[in-house]
$ cat coords.cif   # mmCIF, C-alpha atoms
data_data
loop_
_atom_site.label_atom_id
_atom_site.label_comp_id
_atom_site.auth_asym_id
_atom_site.auth_seq_id
_atom_site.Cartn_x
_atom_site.Cartn_y
_atom_site.Cartn_z
CA MET A 1018 27.77 14.58 -8.95
CA ILE A 1019 25.20 12.18 -7.48
CA THR A 1020 23.41 10.28 -10.23
CA LYS A 1021 19.86 9.10 -10.76
CA GLU A 1022 21.16 5.52 -10.76
CA GLN A 1023 22.59 5.99 -7.24
CA VAL A 1024 19.25 7.30 -5.95
CA LEU A 1025 17.29 4.49 -7.62
CA ASN A 1026 19.69 1.96 -6.09
CA ALA A 1027 19.22 3.53 -2.63
CA GLN A 1028 15.44 3.32 -3.10
CA LYS A 1029 15.68 -0.37 -4.02
CA LYS A 1030 17.73 -1.05 -0.89
CA TRP A 1031 15.23 0.85 1.24
CA ALA A 1032 12.24 -0.98 -0.27
CA SER A 1033 13.77 -4.44 0.10
CA GLY A 1034 14.87 -3.59 3.65
CA VAL A 1035 11.33 -2.65 4.69
CA VAL A 1036 10.00 -5.91 3.24
CA LYS A 1037 12.75 -7.86 5.02
CA ILE A 1038 11.95 -6.20 8.37
CA GLY A 1039 8.35 -7.39 8.08
CA SER A 1040 9.48 -10.92 7.25
CA LEU A 1041 11.41 -11.01 10.53
CA LYS A 1042 8.57 -9.87 12.79
CA ASN A 1043 8.26 -13.27 14.51
CA ASN A 1044 11.95 -13.37 15.44
CA ARG A 1045 12.29 -10.23 17.56
CA LEU A 1046 16.06 -10.36 18.12
CA GLU A 1047 16.84 -10.87 14.43
CA CYS A 1048 14.30 -8.17 13.52
CA GLU A 1049 15.89 -5.66 15.92
CA THR A 1050 19.40 -6.44 14.67
CA PHE A 1051 18.44 -6.21 11.00
CA THR A 1052 16.48 -2.96 11.50
CA SER A 1053 19.34 -1.35 13.42
CA ASP A 1054 21.74 -2.29 10.60
CA PHE A 1055 19.20 -1.07 8.01
CA LEU A 1056 19.09 2.33 9.72
CA ASP A 1057 22.90 2.47 9.97
CA LYS A 1058 23.39 1.61 6.30
CA LEU A 1059 20.64 3.75 4.78
CA TYR A 1060 20.23 6.76 7.10
CA ALA A 1061 22.82 9.38 8.07
CA PHE A 1062 22.20 9.38 11.84
CA GLU A 1063 25.95 9.13 12.51
CA ALA A 1064 26.50 12.37 10.58
CA GLY A 1065 23.98 14.45 12.57
CA PRO A 1066 20.24 14.80 12.86
CA VAL A 1067 18.04 13.21 10.24
CA LEU A 1068 14.88 15.13 9.39
CA PHE A 1069 12.56 12.14 9.68
CA LYS A 1070 8.79 12.68 9.56
CA PRO A 1071 7.19 9.25 9.15
CA THR A 1072 3.67 8.66 7.86
CA LYS A 1073 1.73 7.33 10.84
CA CYS A 1074 2.76 9.71 13.63
CA ALA A 1075 0.50 12.24 15.30
CA THR A 1076 1.96 12.92 18.75
CA GLU A 1077 5.69 12.66 18.10
CA GLN A 1078 5.73 13.62 14.44
CA PHE A 1079 9.46 14.23 14.02
CA ARG A 1080 12.18 11.65 14.71
CA PRO A 1081 15.70 13.14 14.45
CA ILE A 1082 17.52 10.27 16.21
CA LYS A 1083 18.02 6.61 15.36
CA LEU A 1084 16.27 5.27 18.48
CA GLU A 1085 13.05 7.08 17.48
CA ALA A 1086 13.30 5.81 13.89
CA LEU A 1087 13.81 2.28 15.17
CA SER A 1088 10.72 2.71 17.34
CA TYR A 1089 8.69 3.78 14.31
CA PHE A 1090 9.78 0.87 12.14
CA ILE A 1091 9.46 -1.99 14.67
CA ALA A 1092 7.90 -0.59 17.90
CA GLY A 1093 8.21 -3.15 20.72
CA GLU A 1094 7.82 -3.00 24.48
CA ASP A 1095 10.85 -0.71 24.81
CA ARG A 1096 9.84 1.62 21.96
CA ALA A 1097 10.99 5.23 22.20
CA CYS A 1098 7.63 6.68 21.15
CA GLU A 1099 4.48 5.35 22.78
CA GLU A 1100 2.26 5.79 19.69
CA ASP A 1101 4.36 3.48 17.49
CA LYS A 1102 2.83 0.25 16.24
CA GLY A 1103 5.75 -0.91 14.06
CA PHE A 1104 5.10 0.34 10.55
CA ALA A 1105 7.58 -2.03 8.87
CA ILE A 1106 6.40 -5.15 10.68
CA ASN A 1107 2.96 -4.83 9.08
CA PRO A 1108 4.32 -6.87 7.10
CA TRP A 1109 4.68 -5.61 3.54
CA THR A 1110 5.31 -7.93 0.62
CA ASN A 1111 6.49 -5.20 -1.76
CA VAL A 1112 7.38 -1.53 -1.82
CA ARG A 1113 7.66 0.34 -5.10
CA PHE A 1114 8.64 3.92 -5.82
CA GLU A 1115 7.10 6.19 -8.47
CA ASN A 1116 9.35 9.22 -8.59
CA ALA A 1117 7.81 12.54 -9.61
CA GLY A 1118 11.18 14.28 -9.81
CA PHE A 1119 14.75 14.61 -8.64
CA ILE A 1120 17.25 17.32 -7.78
CA PHE A 1121 20.90 16.33 -8.15
CA GLU A 1122 23.89 18.16 -6.74
CA GLU A 1123 27.52 17.28 -6.09
CA ASN A 1124 26.99 15.73 -2.65
CA ARG A 1125 23.20 15.84 -2.27
CA ALA A 1126 20.09 14.63 -4.05
CA ILE A 1127 16.37 14.94 -3.40
CA ALA A 1128 13.66 12.63 -4.71
CA MET A 1129 9.92 13.18 -4.43
CA GLY A 1130 6.94 11.13 -5.48
CA ASN A 1131 4.71 8.31 -4.30
CA TYR A 1132 5.61 4.96 -2.92
CA PHE A 1133 3.26 2.03 -2.66
CA PHE A 1134 3.22 -0.60 0.09
CA THR A 1135 1.63 -3.97 -0.71
CA ASP A 1136 0.18 -5.96 2.21
CA LEU A 1137 -0.28 -9.73 2.52
CA ASP A 1138 -3.70 -9.54 0.82
CA GLY A 1139 -2.31 -7.69 -2.21
CA ASN A 1140 -3.76 -4.31 -1.21
CA GLU A 1141 -1.61 -1.27 -1.95
CA ALA A 1142 -1.28 1.76 0.31
CA LYS A 1143 -0.23 4.91 -1.53
CA VAL A 1144 2.04 7.27 0.41
CA GLU A 1145 3.65 10.55 -0.69
CA TYR A 1146 7.33 10.96 0.08
CA THR A 1147 10.32 13.26 -0.12
CA PHE A 1148 13.75 11.77 0.60
CA GLY A 1149 16.94 13.80 0.81
CA TYR A 1150 20.21 11.97 0.28
CA LYS A 1151 23.77 12.99 0.98
CA LEU A 1152 27.11 11.35 0.46
CA VAL A 1153 28.60 10.07 3.69
CA GLY A 1154 32.02 8.79 2.76
CA ASN A 1155 31.23 7.19 -0.58
CA GLN A 1156 27.73 5.98 0.37
CA LEU A 1157 24.42 7.69 -0.33
CA LYS A 1158 22.42 8.02 2.90
CA ILE A 1159 19.05 9.51 3.79
CA ASP A 1160 19.09 12.67 5.90
CA LEU A 1161 15.57 13.85 5.02
CA HIS A 1162 12.59 11.49 5.08
CA HIS A 1163 9.10 12.93 4.92
CA SER A 1164 6.08 10.81 4.11
CA SER A 1165 2.37 11.30 4.42
CA PHE A 1166 -0.90 9.97 3.11
CA PRO A 1167 -2.35 11.83 0.12
CA TYR A 1168 -4.81 14.62 0.86
CA ASN A 1169 -8.33 13.28 1.23
CA PRO A 1170 -10.95 16.05 1.50
#
$ encode --input "coords.cif" --output "structure tokens"
Amino acid sequence: MITKEQVLNAQKKWASGVVKIGSLKNNRLECETFTSDFLDKLYAFEAGPVLFKPTKCATEQFRPIKLEALSYFIAGEDRACEEDKGFAINPWTNVRFENAGFIFEENRAIAMGNYFFTDLDGNEAKVEYTFGYKLVGNQLKIDLHHSSFPYNP
């Protein structure tokens, strides 16, 4: 059975990885290498499609392959999706999760809530998320990532 501790640990790795990506924005090669490794370690692209719907996408909303996720996180001249600006190279100084709830199963877990991204000026952006995790080998990896800004009438 997947545990809450495993999910919280995966969230910490994800949050610190996003912050690290932003810290590398001025060294493109190192940033690309780190982000590719980040996606390999934390997402289940090698096990099939990942249902990835990132926050700031309007034209190409869904990103089932690693190359499109990489494009979203760091953009670049050779980005896979033209609309991408490089969400993770903002940069962010902190990312924190506030989980609203979990579902735990033998080989799967789902977490839903808000996460908050802190910019260089200390401003926080609140984003709603749902992450699905599955065991790949003995590692918890994301195979569902949906995030969006809160409803604003």
$ residues_near_point --input "coords.cif" --point "(4.3, 11.5, -2.5)" --cutoff "7 Å" --atoms "only C-alpha atoms" --output "number ranges by chain"
A: 1129-1132, 1144-1147, 1164
$ write_last_selection --input "coords.cif" --atoms "C-alpha atoms" --output "compact mmCIF listing (two decimals), in the coordinates of the input"
# COMPACT_ATOMS: atom_id res chain seq x y z
CA MET A 1129 9.92 13.18 -4.43
CA GLY A 1130 6.94 11.13 -5.48
CA ASN A 1131 4.71 8.31 -4.30
CA TYR A 1132 5.61 4.96 -2.92
CA VAL A 1144 2.04 7.27 0.41
CA GLU A 1145 3.65 10.55 -0.69
CA TYR A 1146 7.33 10.96 0.08
CA THR A 1147 10.32 13.26 -0.12
CA SER A 1164 6.08 10.81 4.11
$ resolve_selection --input "coords.cif" --expression "the PyMOL selection byres ((chain A and resi 1106) around 10)" --output "MDAnalysis selection string"
chainID A and resid 1035:1043 1048 1089:1092 1102:1105 1107:1109
$ residues_around --input "coords.cif" --residues "His1162 (chain A)" --least-positions-apart "3" --cutoff "8 Å" --atoms "all atoms listed in the file" --output "ChimeraX atom specification"
/A:1067-1071,1146-1149,1159
$ atom_distance --input "coords.cif" --atom1 "CA of Gln1156 (chain A)" --atom2 "CA of Ser1033 (chain A)"
17.4 Å
$ atom_distance --input "coords.cif" --atom1 "CA of Leu1152 (chain A)" --atom2 "CA of Pro1081 (chain A)"
18.1 Å
$ closest_residue --input "coords.cif" --among "A:Asn1155, A:Ser1088, A:Asn1044, A:Ser1053" --to "Gln1023 (chain A)" --atoms "all atoms listed in the file"
A:Asn1155
$ axis_aligned_box --input "coords.cif" --around "region 1060-1068 of chain A" --padding-each-side "4 Å" --output "JSON"
{"center_x": 20.7, "center_y": 10.9, "center_z": 10.0, "size_x": 19.6, "size_y": 16.4, "size_z": 13.8}
$ closest_residue --input "coords.cif" --among "A:Leu1025, A:Ala1032, A:Leu1059, A:Leu1046" --to "Phe1133 (chain A)" --atoms "all atoms listed in the file"
A:Ala1032
$ closest_residue --input "coords.cif" --among "A:Lys1158, A:Pro1170, A:Thr1110, A:Glu1123" --to "Gly1065 (chain A)" --atoms "only C-alpha atoms"
A:Lys1158
$ atom_distance --input "coords.cif" --atom1 "CA of Gly1034 (chain A)" --atom2 "CA of Leu1161 (chain A)"
17.5 Å
$ closest_residue --input "coords.cif" --among "A:Glu1085, A:Phe1055, A:Asn1169, A:Val1112" --to "Gly1139 (chain A)" --atoms "all atoms listed in the file"
A:Val1112
$ closest_residue --input "coords.cif" --among "A:Arg1113, A:Gly1118, A:Lys1143, A:Asn1026" --to "Thr1072 (chain A)" --atoms "only C-alpha atoms"
A:Lys1143
$ residues_around --input "coords.cif" --residues "Val1024 (chain A)" --least-positions-apart "3" --cutoff "8 Å" --atoms "only C-alpha atoms" --output "count of residues only"
9
$ closest_residue --input "coords.cif" --among "A:Phe1166, A:Ala1086, A:Asn1111, A:Phe1119" --to "Glu1141 (chain A)" --atoms "all atoms listed in the file"
A:Asn1111
$ decode --input "coords.cif" --residues "region 1107-1142 of chain A" --atoms "C-alpha atoms" --output "PDB file, in the first residue's frame"
ATOM      1  CA  ASN A1107      10.401  31.978 -13.674  1.00  0.00           C
ATOM      2  CA  PRO A1108      12.322  31.457 -11.227  1.00  0.00           C
ATOM      3  CA  TRP A1109      10.569  30.330  -8.054  1.00  0.00           C
ATOM      4  CA  THR A1110      12.219  30.524  -4.650  1.00  0.00           C
ATOM      5  CA  ASN A1111       9.799  28.128  -2.950  1.00  0.00           C
ATOM      6  CA  VAL A1112       6.954  25.765  -3.730  1.00  0.00           C
ATOM      7  CA  ARG A1113       4.699  24.474  -0.972  1.00  0.00           C
ATOM      8  CA  PHE A1114       1.825  22.018  -1.091  1.00  0.00           C
ATOM      9  CA  GLU A1115      -1.414  22.248   0.907  1.00  0.00           C
ATOM     10  CA  ASN A1116      -3.124  18.929   0.373  1.00  0.00           C
ATOM     11  CA  ALA A1117      -6.917  18.833   0.543  1.00  0.00           C
ATOM     12  CA  GLY A1118      -7.045  15.047   0.419  1.00  0.00           C
ATOM     13  CA  PHE A1119      -5.546  11.763  -0.686  1.00  0.00           C
ATOM     14  CA  ILE A1120      -6.649   8.426  -2.089  1.00  0.00           C
ATOM     15  CA  PHE A1121      -4.296   5.527  -1.391  1.00  0.00           C
ATOM     16  CA  GLU A1122      -4.303   2.150  -3.100  1.00  0.00           C
ATOM     17  CA  GLU A1123      -1.833  -0.701  -3.426  1.00  0.00           C
ATOM     18  CA  ASN A1124       0.070   0.689  -6.421  1.00  0.00           C
ATOM     19  CA  ARG A1125      -1.566   4.099  -6.920  1.00  0.00           C
ATOM     20  CA  ALA A1126      -2.237   7.278  -4.995  1.00  0.00           C
ATOM     21  CA  ILE A1127      -3.955  10.561  -5.805  1.00  0.00           C
ATOM     22  CA  ALA A1128      -3.393  13.885  -4.069  1.00  0.00           C
ATOM     23  CA  MET A1129      -5.419  17.050  -4.578  1.00  0.00           C
ATOM     24  CA  GLY A1130      -5.131  20.535  -3.167  1.00  0.00           C
ATOM     25  CA  ASN A1131      -3.353  23.822  -3.716  1.00  0.00           C
ATOM     26  CA  TYR A1132       0.275  24.536  -4.239  1.00  0.00           C
ATOM     27  CA  PHE A1133       1.885  27.914  -3.876  1.00  0.00           C
ATOM     28  CA  PHE A1134       4.791  29.268  -5.923  1.00  0.00           C
ATOM     29  CA  THR A1135       6.876  32.076  -4.406  1.00  0.00           C
ATOM     30  CA  ASP A1136       8.650  34.446  -6.812  1.00  0.00           C
ATOM     31  CA  LEU A1137      11.820  36.473  -6.236  1.00  0.00           C
ATOM     32  CA  ASP A1138       9.808  39.355  -4.731  1.00  0.00           C
ATOM     33  CA  GLY A1139       8.105  37.092  -2.179  1.00  0.00           C
ATOM     34  CA  ASN A1140       4.751  37.046  -3.994  1.00  0.00           C
ATOM     35  CA  GLU A1141       2.846  33.759  -3.926  1.00  0.00           C
ATOM     36  CA  ALA A1142       0.844  32.349  -6.825  1.00  0.00           C
TER      37      ALA A1142
END
